[in-house]
file start.cif (mmCIF, C-alpha atoms)
data_coords
loop_
_atom_site.label_atom_id
_atom_site.label_comp_id
_atom_site.auth_asym_id
_atom_site.auth_seq_id
_atom_site.Cartn_x
_atom_site.Cartn_y
_atom_site.Cartn_z
CA MET A 1 -48.84 -67.59 130.39
CA PRO A 2 -46.77 -64.69 131.76
CA GLU A 3 -43.49 -63.87 130.07
CA GLU A 4 -40.70 -64.71 132.52
CA ALA A 5 -37.76 -62.52 133.51
CA ASN A 6 -36.14 -64.20 136.51
CA ILE A 7 -34.33 -61.15 137.85
CA GLN A 8 -34.93 -59.25 141.06
CA ARG A 9 -31.88 -57.10 141.75
CA PRO A 10 -30.19 -54.96 139.10
CA GLU A 11 -28.08 -56.84 136.56
CA GLY A 12 -25.15 -55.01 135.02
CA HIS A 13 -23.11 -52.07 136.26
CA ILE A 14 -25.27 -49.40 134.61
CA LEU A 15 -28.52 -50.56 136.22
CA THR A 16 -26.75 -51.07 139.55
CA GLU A 17 -25.43 -47.51 139.63
CA LEU A 18 -28.74 -46.12 138.40
CA CYS A 19 -30.60 -47.96 141.18
CA GLN A 20 -28.11 -46.74 143.81
CA ARG A 21 -28.49 -43.14 142.69
CA VAL A 22 -32.30 -43.31 142.74
CA ALA A 23 -32.21 -44.84 146.24
CA ALA A 24 -29.86 -42.06 147.37
CA HIS A 25 -32.39 -39.40 146.30
CA TYR A 26 -34.98 -40.95 148.61
CA GLN A 27 -32.44 -41.11 151.46
CA ARG A 28 -31.30 -37.51 151.03
CA ARG A 29 -34.84 -36.20 151.06
CA GLY A 30 -35.65 -38.43 154.04
CA THR A 31 -38.82 -39.79 152.46
CA MET A 32 -40.08 -43.29 151.90
CA ASP A 33 -43.06 -42.13 149.80
CA ARG A 34 -43.89 -44.24 146.79
CA ASP A 35 -43.54 -41.47 144.21
CA PHE A 36 -40.61 -39.05 144.04
CA VAL A 37 -41.06 -36.03 141.78
CA THR A 38 -37.71 -34.66 140.65
CA ALA A 39 -36.69 -31.14 139.65
CA LEU A 40 -37.72 -32.10 136.11
CA PRO A 41 -41.55 -32.22 135.97
CA TRP A 42 -41.49 -35.06 133.41
CA LEU A 43 -39.09 -37.28 135.38
CA SER A 44 -40.06 -39.21 138.51
CA PHE A 45 -38.98 -42.22 140.58
CA VAL A 46 -41.05 -45.03 142.11
CA ARG A 47 -40.18 -46.95 145.29
CA ILE A 48 -42.38 -49.81 146.59
CA PRO A 49 -41.12 -51.80 149.63
CA GLU A 50 -43.43 -54.81 149.38
CA PRO A 51 -45.49 -56.77 146.84
CA THR A 52 -48.82 -55.20 145.90
CA VAL A 53 -52.21 -56.55 144.88
CA LEU A 54 -53.20 -56.51 141.23
CA ASN A 55 -54.63 -53.03 140.75
CA ARG A 56 -56.38 -51.45 137.78
CA GLY A 57 -55.58 -47.94 136.63
CA MET A 58 -55.01 -45.65 133.66
CA LEU A 59 -51.51 -45.78 132.19
CA GLN A 60 -50.85 -42.39 130.63
CA PRO A 61 -48.37 -41.83 127.77
CA SER A 62 -45.08 -42.65 129.47
CA MET A 63 -42.25 -45.11 129.78
CA CYS A 64 -41.04 -46.63 133.04
CA ILE A 65 -37.88 -48.70 133.34
CA VAL A 66 -37.53 -51.19 136.20
CA LEU A 67 -34.29 -50.94 138.16
CA GLN A 68 -34.94 -53.48 140.92
CA GLY A 69 -37.72 -55.92 141.77
CA ARG A 70 -40.31 -57.52 139.53
CA LYS A 71 -43.63 -56.41 138.16
CA LYS A 72 -46.61 -57.91 136.35
CA MET A 73 -48.76 -56.04 133.85
CA LEU A 74 -52.04 -57.12 132.29
CA ILE A 75 -52.88 -55.43 128.97
CA GLY A 76 -56.08 -56.92 127.60
CA ASP A 77 -55.54 -60.69 127.85
CA ASN A 78 -51.75 -60.41 127.66
CA VAL A 79 -49.91 -60.87 130.97
CA THR A 80 -46.23 -59.92 131.12
CA GLU A 81 -43.97 -60.37 134.14
CA TYR A 82 -40.69 -58.49 133.99
CA GLY A 83 -37.73 -57.25 135.99
CA PRO A 84 -34.68 -54.96 135.89
CA GLY A 85 -33.83 -53.52 132.50
CA SER A 86 -37.32 -53.99 131.07
CA TYR A 87 -39.60 -51.04 130.52
CA SER A 88 -43.28 -50.43 129.90
CA LEU A 89 -44.15 -48.00 127.13
CA ALA A 90 -47.57 -46.42 126.56
CA ALA A 91 -48.29 -44.41 123.45
CA VAL A 92 -51.87 -43.51 124.46
CA ASP A 93 -53.95 -43.51 127.65
CA MET A 94 -54.48 -47.21 128.40
CA PRO A 95 -56.52 -48.90 131.16
CA VAL A 96 -54.22 -51.65 132.46
CA SER A 97 -53.73 -53.79 135.56
CA GLY A 98 -50.38 -53.75 137.32
CA GLN A 99 -48.80 -55.50 140.29
CA VAL A 100 -45.39 -55.46 141.95
CA THR A 101 -44.62 -59.14 142.52
CA GLN A 102 -41.18 -58.96 144.15
CA ALA A 103 -40.09 -56.23 146.57
CA SER A 104 -38.99 -55.95 150.18
CA GLU A 105 -37.84 -53.30 152.63
CA SER A 106 -34.21 -54.34 152.09
CA ALA A 107 -34.60 -54.60 148.30
CA PRO A 108 -37.51 -52.35 147.24
CA TYR A 109 -38.95 -52.16 143.78
CA TYR A 110 -37.38 -49.14 142.07
CA GLY A 111 -38.41 -47.60 138.77
CA VAL A 112 -37.71 -44.46 136.75
CA ARG A 113 -40.55 -42.90 134.78
CA ILE A 114 -40.62 -40.33 131.98
CA ASP A 115 -43.89 -38.72 130.88
CA LEU A 116 -44.21 -38.60 127.11
CA ASP A 117 -45.57 -35.83 124.94
CA SER A 118 -46.80 -36.89 121.51
CA LYS A 119 -46.11 -33.54 119.85
CA GLU A 120 -42.56 -33.48 121.18
CA ILE A 121 -41.89 -36.97 119.80
CA ALA A 122 -43.48 -36.16 116.44
CA ASP A 123 -41.37 -32.99 116.13
CA LEU A 124 -38.23 -35.01 116.87
CA ILE A 125 -39.10 -37.63 114.24
CA VAL A 126 -39.77 -35.01 111.58
CA SER A 127 -36.81 -32.73 112.36
CA LEU A 128 -34.27 -35.57 112.47
CA GLN A 129 -35.87 -37.46 109.55
CA ILE A 130 -35.73 -40.71 111.54
CA THR A 131 -36.37 -43.84 109.51
CA LEU A 132 -38.52 -46.71 110.74
CA PRO A 133 -36.68 -49.68 112.26
CA GLU A 134 -36.86 -52.73 110.00
CA LYS A 135 -37.37 -55.19 112.87
CA GLN A 136 -40.95 -55.20 114.13
CA HIS A 137 -41.89 -55.86 117.77
CA GLU A 138 -44.22 -58.83 118.06
CA ALA A 139 -46.48 -57.21 120.69
CA SER A 140 -46.49 -53.62 119.47
CA ASN A 141 -49.94 -53.39 117.88
CA ALA A 142 -51.54 -52.34 121.16
CA GLY A 143 -51.10 -48.87 122.66
CA ALA A 144 -48.90 -50.18 125.48
CA TRP A 145 -46.37 -52.98 125.82
CA VAL A 146 -43.29 -54.17 127.71
CA THR A 147 -39.86 -54.65 126.17
CA GLN A 148 -36.19 -54.84 127.15
CA SER A 149 -33.85 -51.85 127.22
CA ASP A 150 -30.33 -51.92 125.81
CA GLU A 151 -27.21 -50.46 127.41
CA ALA A 152 -27.40 -47.26 125.34
CA LEU A 153 -30.86 -46.43 126.72
CA GLN A 154 -29.84 -47.35 130.26
CA GLU A 155 -26.74 -45.17 129.99
CA ALA A 156 -28.84 -42.19 128.85
CA PHE A 157 -31.05 -42.61 131.92
CA LEU A 158 -27.98 -42.77 134.15
CA ARG A 159 -26.66 -39.48 132.74
CA LEU A 160 -30.08 -37.91 133.25
CA VAL A 161 -30.27 -38.98 136.91
CA LYS A 162 -26.66 -37.82 137.49
CA LEU A 163 -27.63 -34.45 136.05
CA LEU A 164 -30.03 -33.88 138.97
CA ASP A 165 -26.95 -33.33 141.16
CA THR A 166 -25.94 -30.28 139.09
CA PRO A 167 -29.08 -28.09 139.03
CA ASP A 168 -27.42 -25.31 137.02
CA ASP A 169 -27.01 -27.71 134.08
CA LEU A 170 -30.60 -28.97 134.09
CA PRO A 171 -32.28 -26.34 131.85
CA VAL A 172 -30.02 -27.08 128.88
CA LEU A 173 -28.59 -30.58 129.22
CA SER A 174 -31.78 -32.29 130.39
CA LYS A 175 -33.49 -31.41 127.10
CA LEU A 176 -30.64 -32.94 125.11
CA ILE A 177 -30.66 -36.17 127.12
CA LYS A 178 -34.45 -36.41 126.87
CA GLN A 179 -34.18 -36.07 123.10
CA GLU A 180 -31.66 -38.91 123.08
CA ILE A 181 -34.01 -41.10 125.14
CA LEU A 182 -36.91 -40.36 122.80
CA TYR A 183 -34.67 -41.13 119.82
CA ARG A 184 -33.73 -44.50 121.31
CA LEU A 185 -37.37 -45.34 122.04
CA VAL A 186 -38.40 -44.54 118.47
CA THR A 187 -35.52 -46.49 116.89
CA ALA A 188 -35.93 -49.56 119.15
CA PRO A 189 -37.59 -52.72 117.71
CA ALA A 190 -40.98 -51.47 118.99
CA GLY A 191 -40.31 -47.99 117.63
CA SER A 192 -42.20 -48.38 114.35
CA ALA A 193 -45.55 -48.88 116.11
CA PHE A 194 -44.67 -46.17 118.62
CA TRP A 195 -43.94 -43.79 115.75
CA LYS A 196 -47.18 -44.55 113.89
CA GLN A 197 -49.32 -44.18 117.02
CA THR A 198 -47.61 -40.94 118.01
CA LEU A 199 -48.02 -39.35 114.58
CA ALA A 200 -51.66 -40.49 114.36
CA TRP A 201 -52.33 -38.91 117.73
CA THR A 202 -50.82 -35.52 116.81
CA GLN A 203 -52.83 -35.38 113.59
CA GLY A 204 -55.96 -35.15 115.74
CA LYS A 205 -57.99 -37.47 113.53
CA GLY A 206 -59.29 -40.99 113.70
CA ILE A 207 -58.57 -43.06 116.78
CA GLY A 208 -56.61 -40.35 118.57
CA GLU A 209 -59.54 -37.96 118.30
CA ALA A 210 -61.97 -40.69 119.38
CA LEU A 211 -59.89 -41.44 122.48
CA ALA A 212 -59.71 -37.76 123.39
CA TRP A 213 -63.48 -37.29 122.93
CA ILE A 214 -64.34 -40.26 125.14
CA LYS A 215 -61.99 -39.02 127.87
CA ARG A 216 -63.62 -35.57 127.84
CA HIS A 217 -67.21 -36.85 127.66
CA PHE A 218 -67.02 -40.17 129.54
CA ALA A 219 -70.16 -39.42 131.59
CA GLU A 220 -72.29 -38.91 128.47
CA PRO A 221 -74.07 -41.67 126.52
CA LEU A 222 -71.77 -43.07 123.83
CA LYS A 223 -73.23 -43.78 120.40
CA ILE A 224 -70.67 -45.42 118.12
CA ASP A 225 -72.26 -44.21 114.88
CA GLU A 226 -72.16 -40.59 116.06
CA LEU A 227 -68.58 -40.89 117.31
CA ALA A 228 -67.47 -42.48 114.04
CA LYS A 229 -69.05 -39.62 112.08
CA ARG A 230 -67.39 -37.09 114.38
CA VAL A 231 -63.90 -38.48 113.69
CA GLY A 232 -64.46 -39.19 109.99
CA MET A 233 -64.48 -42.98 110.10
CA SER A 234 -66.95 -45.76 109.45
CA SER A 235 -68.41 -47.45 112.53
CA SER A 236 -66.79 -50.80 111.68
CA SER A 237 -63.37 -49.22 111.04
CA LEU A 238 -63.56 -47.24 114.28
CA HIS A 239 -64.43 -50.34 116.29
CA HIS A 240 -61.71 -52.47 114.66
CA ARG A 241 -58.88 -49.93 114.91
CA PHE A 242 -59.90 -48.78 118.39
CA LYS A 243 -59.79 -52.34 119.72
CA ALA A 244 -56.48 -53.04 118.00
CA LEU A 245 -54.91 -50.07 119.80
CA THR A 246 -56.54 -50.20 123.24
CA VAL A 247 -57.38 -53.95 123.41
CA MET A 248 -61.02 -53.04 124.09
CA SER A 249 -64.04 -51.56 122.36
CA PRO A 250 -64.94 -47.85 122.68
CA LEU A 251 -67.76 -48.75 125.10
CA GLN A 252 -65.43 -50.87 127.24
CA TYR A 253 -62.88 -48.05 127.24
CA GLN A 254 -65.54 -45.57 128.37
CA LYS A 255 -66.63 -47.96 131.13
CA GLN A 256 -63.07 -48.24 132.46
CA ILE A 257 -62.69 -44.46 132.55
CA ARG A 258 -66.02 -44.13 134.37
CA LEU A 259 -65.08 -46.73 136.99
CA LEU A 260 -61.61 -45.32 137.58
CA GLU A 261 -63.07 -41.82 138.07
CA ALA A 262 -65.71 -43.28 140.40
CA ARG A 263 -62.97 -44.93 142.46
CA ARG A 264 -61.11 -41.62 142.70
CA LEU A 265 -64.25 -39.78 143.81
CA LEU A 266 -65.10 -42.42 146.41
CA LEU A 267 -61.57 -42.34 147.78
CA SER A 268 -61.89 -38.58 148.28
CA GLY A 269 -64.70 -39.35 150.75
CA SER A 270 -66.87 -36.39 149.77
CA LEU A 271 -69.69 -38.26 147.99
CA ASP A 272 -71.78 -41.37 148.58
CA VAL A 273 -71.99 -44.30 146.16
CA ALA A 274 -75.27 -43.27 144.52
CA ASN A 275 -74.08 -39.73 143.76
CA VAL A 276 -70.77 -40.99 142.41
CA ALA A 277 -72.59 -43.45 140.14
CA TRP A 278 -74.71 -40.65 138.74
CA LEU A 279 -71.75 -38.27 138.27
CA VAL A 280 -69.77 -40.74 136.17
CA GLY A 281 -72.72 -41.57 133.92
CA TYR A 282 -74.65 -44.44 135.48
CA GLU A 283 -78.43 -44.15 135.79
CA SER A 284 -78.72 -47.34 137.85
CA PRO A 285 -76.76 -47.65 141.15
CA SER A 286 -77.27 -51.43 141.06
CA GLN A 287 -75.62 -51.64 137.61
CA PHE A 288 -72.79 -49.42 138.87
CA ASN A 289 -72.25 -51.72 141.85
CA ARG A 290 -72.17 -54.82 139.65
CA GLU A 291 -69.69 -53.38 137.19
CA TYR A 292 -67.52 -51.88 139.95
CA ARG A 293 -67.29 -55.25 141.70
CA ARG A 294 -66.52 -57.00 138.41
CA SER A 295 -63.69 -54.55 137.66
CA PHE A 296 -62.10 -54.14 141.11
CA GLY A 297 -63.07 -57.39 142.82
CA ALA A 298 -65.11 -55.84 145.64
CA ALA A 299 -68.12 -53.60 146.25
CA PRO A 300 -67.35 -49.85 146.11
CA LEU A 301 -67.22 -49.11 149.86
CA GLN A 302 -65.33 -52.32 150.63
CA ASP A 303 -62.79 -51.60 147.90
CA VAL A 304 -62.23 -48.02 149.07
CA GLU A 305 -61.80 -49.14 152.68
CA THR A 306 -59.17 -51.65 151.58
CA LEU A 307 -57.33 -48.95 149.63
CA ARG A 308 -57.32 -46.65 152.67
CA GLN A 309 -55.94 -49.42 154.89
CA MET A 310 -53.15 -49.86 152.34
CA GLY A 311 -52.38 -46.14 152.58
CA VAL A 312 -53.55 -45.32 149.06
CA THR A 313 -54.47 -41.64 148.68
CA LEU A 314 -55.51 -39.37 145.85
#

call {"tool": "encode", "arguments": {"input": "start.cif", "output": "structure tokens"}}
result
Amino acid sequence: MPEEANIQRPEGHILTELCQRVAAHYQRRGTMDRDFVTALPWLSFVRIPEPTVLNRGMLQPSMCIVLQGRKKMLIGDNVTEYGPGSYSLAAVDMPVSGQVTQASESAPYYGVRIDLDSKEIADLIVSLQITLPEKQHEASNAGAWVTQSDEALQEAFLRLVKLLDTPDDLPVLSKLIKQEILYRLVTAPAGSAFWKQTLAWTQGKGIGEALAWIKRHFAEPLKIDELAKRVGMSSSSLHHRFKALTVMSPLQYQKQIRLLEARRLLLSGSLDVANVAWLVGYESPSQFNREYRRSFGAAPLQDVETLRQMGVTL
């Protein structure tokens, strides 16, 4: 059953002001585009004026706090529905399904996203000698989860968004506020798992190295024994720890990357289905079609046509 958070509009003065300031950025630029890239390359806004269909994609290391509206996220078999003040946090690249469930033209879904850098977080943890939080988050074993923000984290985001109005201050003060946000993410109840996953990733061994190898070589045949040897693990340990982090096996993870890349290539319109299937690693177009339909709910060309009608672009 989905976790409930029966909130649509911002609750609390901090979230209300934060939402108003994000909306004002869209108005000043005169754009109603979904994504708004700010003057800080790692900070962006999201605006969605209507509910969306459940869509599968790759969630990169990031955190995104909801300011207004409601969203649903499917991570493995875990479905979470959440609203203002909650945020999604991904420590590694994770195939997930997401859907905006409540939004309208008069009250759009608004979110603020920060891209995360594992090395930056690890350096912060080491330099500040941050200790692990004693309280453990019940859903923090996977590489991505949803949790609730506190006022201190919300207030840091508000100061960061306000800072965009004083460009001369950005080079210095934005770094300090980002460090504060990272500190609050690490010391939150889910911070212990976030810390462990971040440090494991920067060490370049084990699961982090396996994830990186699969991403680089997704079109190649994947042999678990060879991958385990490459990253210095046993096959059983690799399979167990990989599934604990990504909620899927290495082969399932590779398949999701292949299908997402195939969808991107098809949406570009430059290749036909058979060539796309071959490029992403399938030898059988019929198998590709079956697995594509199973993942996205429609045959490749039908799915891409639907995306184009919805205005989805690369």

call {"tool": "resolve_selection", "arguments": {"input": "start.cif", "expression": "the PyMOL selection byres ((chain A and resi 282) around 12)", "output": "list of chain:residue names"}}
result
A:Phe218, A:Ala219, A:Glu220, A:Pro221, A:Gln254, A:Lys255, A:Arg258, A:Leu259, A:Ala262, A:Val273, A:Ala274, A:Asn275, A:Val276, A:Ala277, A:Trp278, A:Leu279, A:Val280, A:Gly281, A:Glu283, A:Ser284, A:Pro285, A:Ser286, A:Gln287, A:Phe288, A:Asn289, A:Arg290, A:Glu291, A:Tyr292

call {"tool": "atom_distance", "arguments": {"input": "start.cif", "atom1": "CA of Ala144 (chain A)", "atom2": "CA of Leu116 (chain A)"}}
result
12.6 Å

call {"tool": "resolve_selection", "arguments": {"input": "start.cif", "expression": "the PyMOL selection byres ((chain A and resi 103) around 10)", "output": "PyMOL selection string"}}
result
chain A and resi 8-9+47-52+68-71+100-102+104-110

call {"tool": "write_last_selection", "arguments": {"input": "start.cif", "atoms": "C-alpha atoms", "output": "short mmCIF file (atom, residue, chain, number, x, y, z; two decimals), keeping the file's coordinate frame"}}
result
data_model
loop_
_atom_site.label_atom_id
_atom_site.label_comp_id
_atom_site.auth_asym_id
_atom_site.auth_seq_id
_atom_site.Cartn_x
_atom_site.Cartn_y
_atom_site.Cartn_z
CA GLN A 8 -34.93 -59.25 141.06
CA ARG A 9 -31.88 -57.10 141.75
CA ARG A 47 -40.18 -46.95 145.29
CA ILE A 48 -42.38 -49.81 146.59
CA PRO A 49 -41.12 -51.80 149.63
CA GLU A 50 -43.43 -54.81 149.38
CA PRO A 51 -45.49 -56.77 146.84
CA THR A 52 -48.82 -55.20 145.90
CA GLN A 68 -34.94 -53.48 140.92
CA GLY A 69 -37.72 -55.92 141.77
CA ARG A 70 -40.31 -57.52 139.53
CA LYS A 71 -43.63 -56.41 138.16
CA VAL A 100 -45.39 -55.46 141.95
CA THR A 101 -44.62 -59.14 142.52
CA GLN A 102 -41.18 -58.96 144.15
CA SER A 104 -38.99 -55.95 150.18
CA GLU A 105 -37.84 -53.30 152.63
CA SER A 106 -34.21 -54.34 152.09
CA ALA A 107 -34.60 -54.60 148.30
CA PRO A 108 -37.51 -52.35 147.24
CA TYR A 109 -38.95 -52.16 143.78
CA TYR A 110 -37.38 -49.14 142.07
#

call {"tool": "atom_distance", "arguments": {"input": "start.cif", "atom1": "CA of Met73 (chain A)", "atom2": "CA of Ser97 (chain A)"}}
result
5.7 Å

call {"tool": "resolve_selection", "arguments": {"input": "start.cif", "expression": "the PyMOL selection byres ((chain A and resi 248) around 12)", "output": "list in words"}}
result
Ile75, Gly76, Asp77, Met94, Pro95, Val96, Ala142, Gly143, Leu211, Leu238, His239, His240, Arg241, Phe242, Lys243, Ala244, Leu245, Thr246, Val247, Ser249, Pro250, Leu251, Gln252, Tyr253, Gln254, Lys255 and Gln256 of chain A

call {"tool": "closest_atom_pairs", "arguments": {"input": "start.cif", "of": "region 49-130 of chain A", "to": "region 183-190 of chain A", "cutoff": "8 Å", "atoms": "all atoms listed in the file", "output": "JSON lines"}}
result
{"residue": "A:Leu124", "atom": "CA", "partner": "A:Tyr183", "partner_atom": "CA", "distance": 7.7}
{"residue": "A:Ile125", "atom": "CA", "partner": "A:Tyr183", "partner_atom": "CA", "distance": 7.9}
{"residue": "A:Ile130", "atom": "CA", "partner": "A:Thr187", "partner_atom": "CA", "distance": 7.9}

call {"tool": "write_last_selection", "arguments": {"input": "start.cif", "atoms": "C-alpha atoms", "output": "PDB file, in the frame of the given file"}}
result
ATOM      1  CA  LEU A 124     -38.230 -35.010 116.870  1.00  0.00           C
ATOM      2  CA  ILE A 125     -39.100 -37.630 114.240  1.00  0.00           C
ATOM      3  CA  ILE A 130     -35.730 -40.710 111.540  1.00  0.00           C
TER       4      ILE A 130
END

call {"tool": "atom_distance", "arguments": {"input": "start.cif", "atom1": "CA of Lys215 (chain A)", "atom2": "CA of Glu261 (chain A)"}}
result
10.6 Å

call {"tool": "closest_residue", "arguments": {"input": "start.cif", "among": "A:Lys223, A:Lys178, A:Lys72, A:Arg34", "to": "Leu54 (chain A)", "atoms": "only C-alpha atoms"}}
result
A:Lys72

call {"tool": "closest_residue", "arguments": {"input": "start.cif", "among": "A:Met58, A:Ala23, A:Leu163, A:Ala122", "to": "Lys175 (chain A)", "atoms": "all atoms listed in the file"}}
result
A:Leu163

call {"tool": "closest_residue", "arguments": {"input": "start.cif", "among": "A:Val79, A:Leu260, A:Phe45, A:Arg230", "to": "Leu59 (chain A)", "atoms": "all atoms listed in the file"}}
result
A:Leu260

call {"tool": "closest_residue", "arguments": {"input": "start.cif", "among": "A:Gln129, A:Ser295, A:Gln154, A:Gln148", "to": "Tyr87 (chain A)", "atoms": "all atoms listed in the file"}}
result
A:Gln148

call {"tool": "closest_residue", "arguments": {"input": "start.cif", "among": "A:Met32, A:Leu43, A:Ile224, A:Val66", "to": "Leu15 (chain A)", "atoms": "all atoms listed in the file"}}
result
A:Val66

call {"tool": "residues_around", "arguments": {"input": "start.cif", "residues": "Pro167 (chain A)", "least_positions_apart": "6", "cutoff": "12 Å", "atoms": "all atoms listed in the file", "output": "JSON, numbers by chain"}}
result
{"A": [38, 39, 40, 160, 161, 173, 174]}

call {"tool": "residues_around", "arguments": {"input": "start.cif", "residues": "region 263-265 of chain A", "least_positions_apart": "6", "cutoff": "8 Å", "atoms": "only C-alpha atoms", "output": "PDB file with C-alpha atoms, in the coordinates of the input"}}
result
ATOM      1  CA  LEU A 271     -69.690 -38.260 147.990  1.00  0.00           C
ATOM      2  CA  VAL A 276     -70.770 -40.990 142.410  1.00  0.00           C
ATOM      3  CA  PRO A 300     -67.350 -49.850 146.110  1.00  0.00           C
ATOM      4  CA  VAL A 304     -62.230 -48.020 149.070  1.00  0.00           C
ATOM      5  CA  LEU A 314     -55.510 -39.370 145.850  1.00  0.00           C
TER       6      LEU A 314
END

call {"tool": "residues_around", "arguments": {"input": "start.cif", "residues": "Ser62 (chain A)", "least_positions_apart": "5", "cutoff": "9 Å", "atoms": "all atoms listed in the file", "output": "VMD selection string"}}
result
chain A and resid 88 to 92 113 to 117

call {"tool": "closest_residue", "arguments": {"input": "start.cif", "among": "A:Trp145, A:Glu151, A:Gly57, A:Glu226", "to": "Gly12 (chain A)", "atoms": "all atoms listed in the file"}}
result
A:Glu151

call {"tool": "build_atoms", "arguments": {"input": "start.cif", "residues": "region 62-68 of chain A", "atoms": "all heavy atoms", "output": "compact mmCIF listing (two decimals), in the coordinates of the input"}}
result
# COMPACT_ATOMS: atom_id res chain seq x y z
N SER A 62 -46.28 -42.67 128.62
CA SER A 62 -45.08 -42.65 129.47
C SER A 62 -44.26 -43.89 129.19
O SER A 62 -44.70 -44.82 128.52
CB SER A 62 -45.47 -42.62 130.95
OG SER A 62 -46.21 -43.79 131.29
N MET A 63 -43.04 -43.89 129.74
CA MET A 63 -42.25 -45.11 129.78
C MET A 63 -41.64 -45.20 131.17
O MET A 63 -41.28 -44.19 131.77
CB MET A 63 -41.17 -45.14 128.69
CG MET A 63 -40.01 -44.20 128.87
SD MET A 63 -38.65 -44.91 129.85
CE MET A 63 -38.13 -46.25 128.83
N CYS A 64 -41.58 -46.42 131.70
CA CYS A 64 -41.04 -46.63 133.04
C CYS A 64 -40.12 -47.84 132.99
O CYS A 64 -40.55 -48.94 132.64
CB CYS A 64 -42.15 -46.85 134.06
SG CYS A 64 -41.55 -47.04 135.76
N ILE A 65 -38.86 -47.62 133.35
CA ILE A 65 -37.88 -48.70 133.34
C ILE A 65 -37.69 -49.24 134.76
O ILE A 65 -37.59 -48.46 135.72
CB ILE A 65 -36.53 -48.21 132.74
CG1 ILE A 65 -35.54 -49.36 132.64
CG2 ILE A 65 -35.96 -47.05 133.53
CD1 ILE A 65 -34.30 -49.01 131.83
N VAL A 66 -37.71 -50.54 134.90
CA VAL A 66 -37.53 -51.19 136.20
C VAL A 66 -36.04 -51.28 136.51
O VAL A 66 -35.25 -51.73 135.68
CB VAL A 66 -38.15 -52.61 136.21
CG1 VAL A 66 -37.89 -53.29 137.55
CG2 VAL A 66 -39.64 -52.54 135.93
N LEU A 67 -35.67 -50.86 137.72
CA LEU A 67 -34.29 -50.94 138.16
C LEU A 67 -34.06 -52.10 139.11
O LEU A 67 -32.98 -52.70 139.13
CB LEU A 67 -33.88 -49.63 138.85
CG LEU A 67 -34.14 -48.34 138.08
CD1 LEU A 67 -33.65 -47.14 138.90
CD2 LEU A 67 -33.45 -48.37 136.72
N GLN A 68 -35.05 -52.40 139.93
CA GLN A 68 -34.94 -53.48 140.92
C GLN A 68 -36.33 -54.00 141.25
O GLN A 68 -37.28 -53.23 141.30
CB GLN A 68 -34.27 -52.94 142.18
CG GLN A 68 -34.08 -53.97 143.29
CD GLN A 68 -33.20 -53.46 144.40
OE1 GLN A 68 -31.97 -53.47 144.30
NE2 GLN A 68 -33.81 -52.96 145.47
